[in-house]
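Participant: The structure that follows is given in the form of structure tokens.
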Amino acid sequence: MRSCPVVITGVGAATPLGADFETFTRNLLAGKSAARLVKDESAGVEVILPACLADDPPVPAGWEESAFRELARTEQFVLWCATSALADAGLLAEDGSRIGLALGAGGEWIRRWEGDWAAGGREVYEGRSDAPSLVDIAGQRLGLGGPRATIAAACASGNAAIAQARRWIELGLCDTCLAGGVETITPICRSGFNNLRALSKRVAQPERASRPFDQDRDGFVMGEGAALVVLESAAAARRRGAKIYAEVAGYGASSDAFHMIIPSSDPAPSSAAMRMALADAEIEPESIDYVNAHATSTPVGDKAEARALHAVFGPHTLSTPVSSTKSITGHLLSAAAAVEALACLAAIREQAIPPTINLDTPDPECELCHVPHQAIAHPVEYVLSNSFGFGGSNTTLILRKAA
């Protein structure tokens with residue numbers, strides 16, 4: 001066990017399931033799908049697809065609503081999650097000079113270029129070097145003086161951000177760190193995944209479109225939102241009497257080095273990330289009580305992850321509960337791992353496993369200990385959460401119930 005464990009003491013959420021942890025947890029364990037049909041005409045062509053959208057986030061305390069609503073949607077998500085996570089941790093009034101920010105955010109420049117183009121600009125052709133990044137905008141507005149970094153590792157970004165934050169705290173570079181991810185759906189983002197044939201076309205029943213591990217899955221459902229958690233040393237948290245959601249017990253990362261889109265058929269690279277995380281947490285696979293799978297509902301990806309789980313868990317594969325909460329929230333891309341970290345915290349706090357909804361006919365090639373349709377009560381001490389991004393970026397995070 002690490003001499004100075006790092007723990008999570010605050011949570012901020014702006015998700016398709018709600019803008020606070022309590023609402024998120026309630027809807028998650030109820031298996032309430034956030035998917036609905038969304039009509040997109042921004043590219044000049046009407047496209048109707050299922051999507052999981054988040055409501056506009058609440059206005060943080062002390063902000064004028066008109067000024068807050070003038071900010072970009074990504075900024076609103078991040079600022080709400082950051083302020084509410086710090087408040088939840090009891091740190092809202094603390095000096096920000098030793099608070100860091102590690103933010104998973106992919107494609108933030110594409111969003112800027114899209115907005116500029118829609119306003120008649122040419123920034124997509126003539127990039128500006130003085131345009132501030134989202135992490136700097138958030139850090140400045142919040143008065144955070146600790147280290148900052150944008151983590152762009154596709155769907156793995158949130159896990160990587162949490163791992164980076166833990167390392168900064170261990171190195172003494174900051175006392176507290178906000179970490180997580182953010183995503184909004186833009187025309188280029190939607191069009192790109194649609195052209196890749198990665199999105200579900202199940203428009204007749206949008207709430208049933210995201211169906212990880214199911215034999216009839218046909219692609220993922222895009223989601224948007226953000227989630228940030230507050231990390232600090234366990235010693236600091238206990239000194240100030242903070243509530244502790246969980247310990248960040250282990251992390252592992254690897255790369256397929258195989259293809260920009262398609263996951264490797266060889267389970268070794270993604271298995272390596274899981275094994276690294278288990279070694280970091282100093283536990284064996286049989287200690288894991290729940291696996292929050294990356295499983296996005298694509299035919300290729302779900303099978304690849306199932307093979308990797310079998311490679312790591314061996315005989316324990318069929319007795320370790322596995323679910324994909326993307327069946328409920330949709331796939332939040334750069335924010336996916338962060339939102340799924342919240343799902344893991346919910347499982348630990350409630351001692352319950354969230355379900356994979358829409359899992360009517362499990363794919364025989366995805367033989368796992370599924371939790372279909374409904375949540376189940378189950379003892380949960382260790383949770384393993386996989387997030388595998390495009391380009392073969394594999395990450396695994398292990399959270400442990402606070403002692």
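Here's how to read the names in the structure tokens: chain A, B, ... by the order shown, residue numbers from 1 in each chain, ligand numbers from 1 in the order shown.
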List every residue of stretch 54-121 of chain A that DSSP, applied to the backbone of this structure, places in helix (DSSP H, G or I), and write the result as a short mmCIF file (atom, residue, chain, number, x, y, z; two decimals) with C-alpha atoms, in the first residue's frame.

Facilitator:
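And here is the file that came out, result-v8.cif:
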```cif
data_model
loop_
_atom_site.label_atom_id
_atom_site.label_comp_id
_atom_site.auth_asym_id
_atom_site.auth_seq_id
_atom_site.Cartn_x
_atom_site.Cartn_y
_atom_site.Cartn_z
CA GLU A 65 -26.50 34.34 -14.49
CA SER A 66 -26.29 36.56 -17.57
CA ALA A 67 -22.48 36.60 -17.46
CA PHE A 68 -22.29 32.86 -16.84
CA ARG A 69 -24.60 32.03 -19.76
CA ARG A 73 -20.88 25.59 -22.98
CA THR A 74 -17.67 23.71 -22.16
CA GLU A 75 -16.63 26.53 -19.83
CA GLN A 76 -20.00 26.43 -18.08
CA PHE A 77 -19.69 22.68 -17.55
CA VAL A 78 -16.16 22.93 -16.16
CA LEU A 79 -16.80 25.92 -13.90
CA TRP A 80 -19.97 24.40 -12.43
CA CYS A 81 -18.26 21.05 -11.82
CA ALA A 82 -15.17 22.67 -10.33
CA THR A 83 -17.00 25.01 -7.95
CA SER A 84 -19.48 22.36 -6.84
CA ALA A 85 -16.72 19.75 -6.34
CA LEU A 86 -14.68 22.17 -4.21
CA ALA A 87 -17.79 23.08 -2.21
CA ASP A 88 -18.58 19.39 -1.73
CA GLY A 96 -6.37 28.38 -4.54
CA SER A 97 -2.59 28.82 -4.76
CA ARG A 98 -1.98 25.11 -4.10
CA GLU A 108 -11.29 21.90 -27.86
CA TRP A 109 -9.75 23.77 -30.79
CA ILE A 110 -12.28 22.24 -33.18
CA ARG A 111 -15.05 23.73 -31.04
CA ARG A 112 -13.34 27.12 -31.16
CA TRP A 113 -12.87 26.93 -34.93
CA GLU A 114 -16.48 25.87 -35.47
CA GLY A 115 -17.75 28.85 -33.49
CA ASP A 116 -15.40 31.23 -35.27
CA TRP A 117 -16.39 29.86 -38.69
CA ALA A 118 -20.10 30.21 -37.89
#
```

Participant: Distance table requested - stretch 84-202 of chain A against stretch 226-244 of chain A, cut-off 7 Å, only C-alpha atoms: one row per qualifying residue with the closest atom pair and its distance in Å to one decimal, ordered by chain and rising residue number, as a Markdown table.

Facilitator:
```
| residue | atom | partner | partner_atom | distance |
| --- | --- | --- | --- | --- |
| A:Ala85 | CA | A:Val229 | CA | 6.1 |
| A:Leu86 | CA | A:Val230 | CA | 6.6 |
| A:Ala89 | CA | A:Ala242 | CA | 6.7 |
| A:Arg166 | CA | A:Leu231 | CA | 7.0 |
| A:Ile169 | CA | A:Glu232 | CA | 6.7 |
| A:Asp175 | CA | A:Glu232 | CA | 6.2 |
| A:Thr176 | CA | A:Glu232 | CA | 4.8 |
| A:Cys177 | CA | A:Leu231 | CA | 5.2 |
| A:Leu178 | CA | A:Val230 | CA | 4.7 |
| A:Ala179 | CA | A:Leu228 | CA | 5.2 |
| A:Gly180 | CA | A:Leu228 | CA | 4.3 |
| A:Gly181 | CA | A:Ala226 | CA | 5.6 |
| A:Val182 | CA | A:Ala226 | CA | 4.2 |
| A:Glu183 | CA | A:Ala226 | CA | 6.3 |
```

Participant: Report, in Å with one decimal, the straight-line distance from atom CA of A:Asp256 to atom CA of A:Asn386.

Facilitator: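 Result for atom CA of A:Asp256 versus atom CA of A:Asn386: 14.3 Å, one decimal.
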
Participant: Could you pull out the strand (DSSP E) residues of stretch 132-351 of chain A from DSSP and send them as a PyMOL selection string?

Facilitator: chain A and resi 148-151+176-183+222-223+225-233+246-255+290-292+321-323

Participant: Take the residues that were just selected and, keeping C-alpha atoms, output them as a PDB file, in the first residue's frame.

Facilitator:
```pdb
ATOM      1  CA  ARG A 148      -2.595  22.756 -14.893  1.00  0.00           C
ATOM      2  CA  ALA A 149      -2.708  20.381 -17.834  1.00  0.00           C
ATOM      3  CA  THR A 150      -5.037  19.424 -20.633  1.00  0.00           C
ATOM      4  CA  ILE A 151      -5.118  15.659 -21.151  1.00  0.00           C
ATOM      5  CA  THR A 176      -5.347  19.530  -3.791  1.00  0.00           C
ATOM      6  CA  CYS A 177      -6.217  18.880  -7.418  1.00  0.00           C
ATOM      7  CA  LEU A 178      -9.353  18.933  -9.528  1.00  0.00           C
ATOM      8  CA  ALA A 179      -9.394  16.214 -12.170  1.00  0.00           C
ATOM      9  CA  GLY A 180     -11.878  14.898 -14.703  1.00  0.00           C
ATOM     10  CA  GLY A 181     -13.145  15.554 -18.200  1.00  0.00           C
ATOM     11  CA  VAL A 182     -15.551  17.539 -20.346  1.00  0.00           C
ATOM     12  CA  GLU A 183     -17.299  16.985 -23.684  1.00  0.00           C
ATOM     13  CA  MET A 222     -23.021  10.193 -28.134  1.00  0.00           C
ATOM     14  CA  GLY A 223     -23.289  11.994 -24.819  1.00  0.00           C
ATOM     15  CA  GLY A 225     -21.331  16.776 -20.034  1.00  0.00           C
ATOM     16  CA  ALA A 226     -18.536  16.865 -17.501  1.00  0.00           C
ATOM     17  CA  ALA A 227     -17.375  15.488 -14.187  1.00  0.00           C
ATOM     18  CA  LEU A 228     -14.610  16.643 -11.853  1.00  0.00           C
ATOM     19  CA  VAL A 229     -13.407  15.191  -8.579  1.00  0.00           C
ATOM     20  CA  VAL A 230     -11.270  16.705  -5.827  1.00  0.00           C
ATOM     21  CA  LEU A 231      -8.151  14.744  -4.909  1.00  0.00           C
ATOM     22  CA  GLU A 232      -5.933  15.224  -1.867  1.00  0.00           C
ATOM     23  CA  SER A 233      -3.780  13.108   0.408  1.00  0.00           C
ATOM     24  CA  ALA A 246     -12.770   6.516  -2.132  1.00  0.00           C
ATOM     25  CA  GLU A 247      -9.037   6.042  -2.481  1.00  0.00           C
ATOM     26  CA  VAL A 248      -7.390   6.190  -5.923  1.00  0.00           C
ATOM     27  CA  ALA A 249      -5.723   2.824  -5.434  1.00  0.00           C
ATOM     28  CA  GLY A 250      -4.302   1.947  -8.848  1.00  0.00           C
ATOM     29  CA  TYR A 251      -3.726   3.093 -12.391  1.00  0.00           C
ATOM     30  CA  GLY A 252      -2.400   1.502 -15.544  1.00  0.00           C
ATOM     31  CA  ALA A 253      -1.909   2.665 -19.126  1.00  0.00           C
ATOM     32  CA  SER A 254      -0.811   1.070 -22.377  1.00  0.00           C
ATOM     33  CA  SER A 255      -1.090   1.538 -26.128  1.00  0.00           C
ATOM     34  CA  TYR A 290     -17.024  -4.699  -9.854  1.00  0.00           C
ATOM     35  CA  VAL A 291     -15.746  -3.871 -13.347  1.00  0.00           C
ATOM     36  CA  ASN A 292     -17.096  -0.750 -15.021  1.00  0.00           C
ATOM     37  CA  PRO A 321     -19.839  -8.425 -11.937  1.00  0.00           C
ATOM     38  CA  VAL A 322     -19.360  -6.347 -15.086  1.00  0.00           C
ATOM     39  CA  SER A 323     -21.562  -3.597 -16.486  1.00  0.00           C
TER      40      SER A 323
END
```

Participant: Check the smallest atom-to-atom distance from each of A:Lys39, A:His259, A:Arg217, A:His370 to A:Thr317 using only C-alpha atoms, then report the winner.

Facilitator: A:His370

Participant: Looking at only C-alpha atoms, which of A:Asp95, A:Glu170, A:Asp216, A:Asp136 is the one that sits closest to A:Val6?

Facilitator: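 Closest to A:Val6, using only C-alpha atoms: A:Glu170.
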
Participant: Name the closest residue to A:Ala311 among the candidates A:Pro299, A:Gly392, A:Pro285, A:Pro212; distances are taken between atoms, counting only C-alpha atoms.

Facilitator: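 Distance minimum relative to A:Ala311 lands on A:Pro285.
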
Participant: Go through A:Ala13, A:Ile283, A:Ala402, A:Ala343 and flag the residue nearest A:Asp55, using only C-alpha atoms for the distances.

Facilitator: A:Ala13

Participant: For A:Ser334, list every protein, DNA or RNA residue within 8 Å, evaluated using only C-alpha atoms, and leave out those in the same chain fewer than 2 positions away; present the list as a list of chain:residue names.

Facilitator: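 My reading of the contact set: A:Gly104, A:Ala105, A:Gly106, A:Ala152, A:Ala153, A:Ala154, A:Cys155, A:Ala156, A:Ser157, A:Gly158, A:Gly181, A:Val182, A:Glu183, A:Leu332, A:Ala336, A:Ala337.
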
Participant: Could you save those same residues with N, CA and C atoms as an mmCIF file, in the first residue's frame?

Facilitator:
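Output below, filename out-v9.cif:
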```
data_model
loop_
_atom_site.group_PDB
_atom_site.id
_atom_site.type_symbol
_atom_site.label_atom_id
_atom_site.label_comp_id
_atom_site.auth_asym_id
_atom_site.auth_seq_id
_atom_site.Cartn_x
_atom_site.Cartn_y
_atom_site.Cartn_z
ATOM 1 N N GLY A 104 -9.381 16.420 -18.767
ATOM 2 C CA GLY A 104 -9.489 15.670 -20.007
ATOM 3 C C GLY A 104 -10.402 16.417 -20.966
ATOM 4 N N ALA A 105 -9.859 16.831 -22.095
ATOM 5 C CA ALA A 105 -10.638 17.608 -23.073
ATOM 6 C C ALA A 105 -10.068 17.372 -24.461
ATOM 7 N N GLY A 106 -10.821 16.694 -25.297
ATOM 8 C CA GLY A 106 -10.362 16.453 -26.656
ATOM 9 C C GLY A 106 -11.074 17.377 -27.632
ATOM 10 N N ALA A 152 -5.421 15.017 -23.482
ATOM 11 C CA ALA A 152 -6.194 14.640 -24.668
ATOM 12 C C ALA A 152 -5.809 13.219 -25.056
ATOM 13 N N ALA A 153 -6.513 12.258 -24.493
ATOM 14 C CA ALA A 153 -6.258 10.844 -24.765
ATOM 15 C C ALA A 153 -7.549 10.171 -25.194
ATOM 16 N N ALA A 154 -8.352 10.912 -25.998
ATOM 17 C CA ALA A 154 -9.637 10.395 -26.481
ATOM 18 C C ALA A 154 -10.483 9.946 -25.290
ATOM 19 N N CYS A 155 -11.101 8.773 -25.389
ATOM 20 C CA CYS A 155 -12.025 8.318 -24.347
ATOM 21 C C CYS A 155 -11.329 8.006 -23.032
ATOM 22 N N ALA A 156 -10.013 7.906 -23.055
ATOM 23 C CA ALA A 156 -9.250 7.601 -21.844
ATOM 24 C C ALA A 156 -8.851 8.858 -21.074
ATOM 25 N N SER A 157 -9.226 10.025 -21.562
ATOM 26 C CA SER A 157 -8.723 11.288 -21.011
ATOM 27 C C SER A 157 -9.013 11.462 -19.522
ATOM 28 N N GLY A 158 -10.220 11.138 -19.079
ATOM 29 C CA GLY A 158 -10.585 11.343 -17.684
ATOM 30 C C GLY A 158 -9.766 10.501 -16.728
ATOM 31 N N GLY A 181 -13.061 15.345 -16.762
ATOM 32 C CA GLY A 181 -13.145 15.554 -18.200
ATOM 33 C C GLY A 181 -14.411 16.277 -18.590
ATOM 34 N N VAL A 182 -14.410 16.791 -19.825
ATOM 35 C CA VAL A 182 -15.551 17.539 -20.346
ATOM 36 C C VAL A 182 -15.737 17.211 -21.819
ATOM 37 N N GLU A 183 -16.987 17.243 -22.268
ATOM 38 C CA GLU A 183 -17.299 16.985 -23.684
ATOM 39 C C GLU A 183 -18.594 17.667 -24.064
ATOM 40 N N LEU A 332 -19.652 9.604 -23.438
ATOM 41 C CA LEU A 332 -19.280 11.006 -23.304
ATOM 42 C C LEU A 332 -17.864 11.310 -23.784
ATOM 43 N N ALA A 336 -15.972 10.590 -20.733
ATOM 44 C CA ALA A 336 -16.522 9.277 -20.384
ATOM 45 C C ALA A 336 -15.882 8.692 -19.139
ATOM 46 N N ALA A 337 -14.551 8.674 -19.084
ATOM 47 C CA ALA A 337 -13.881 8.041 -17.946
ATOM 48 C C ALA A 337 -14.187 8.762 -16.648
#
```

Participant: What is the atom CA of A:His331-atom CA of A:Val221 distance in Å, reported with one decimal?

Facilitator: 5.9 Å

Participant: Which residues are close to A:Pro379, i.e. within 8 Å by only C-alpha atoms, leaving aside same-chain residues fewer than 5 positions away? Reply as a list of chain:residue names.

Facilitator: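 Counting only the stated atoms, we get A:Asp289, A:Gln351, A:Ala352.
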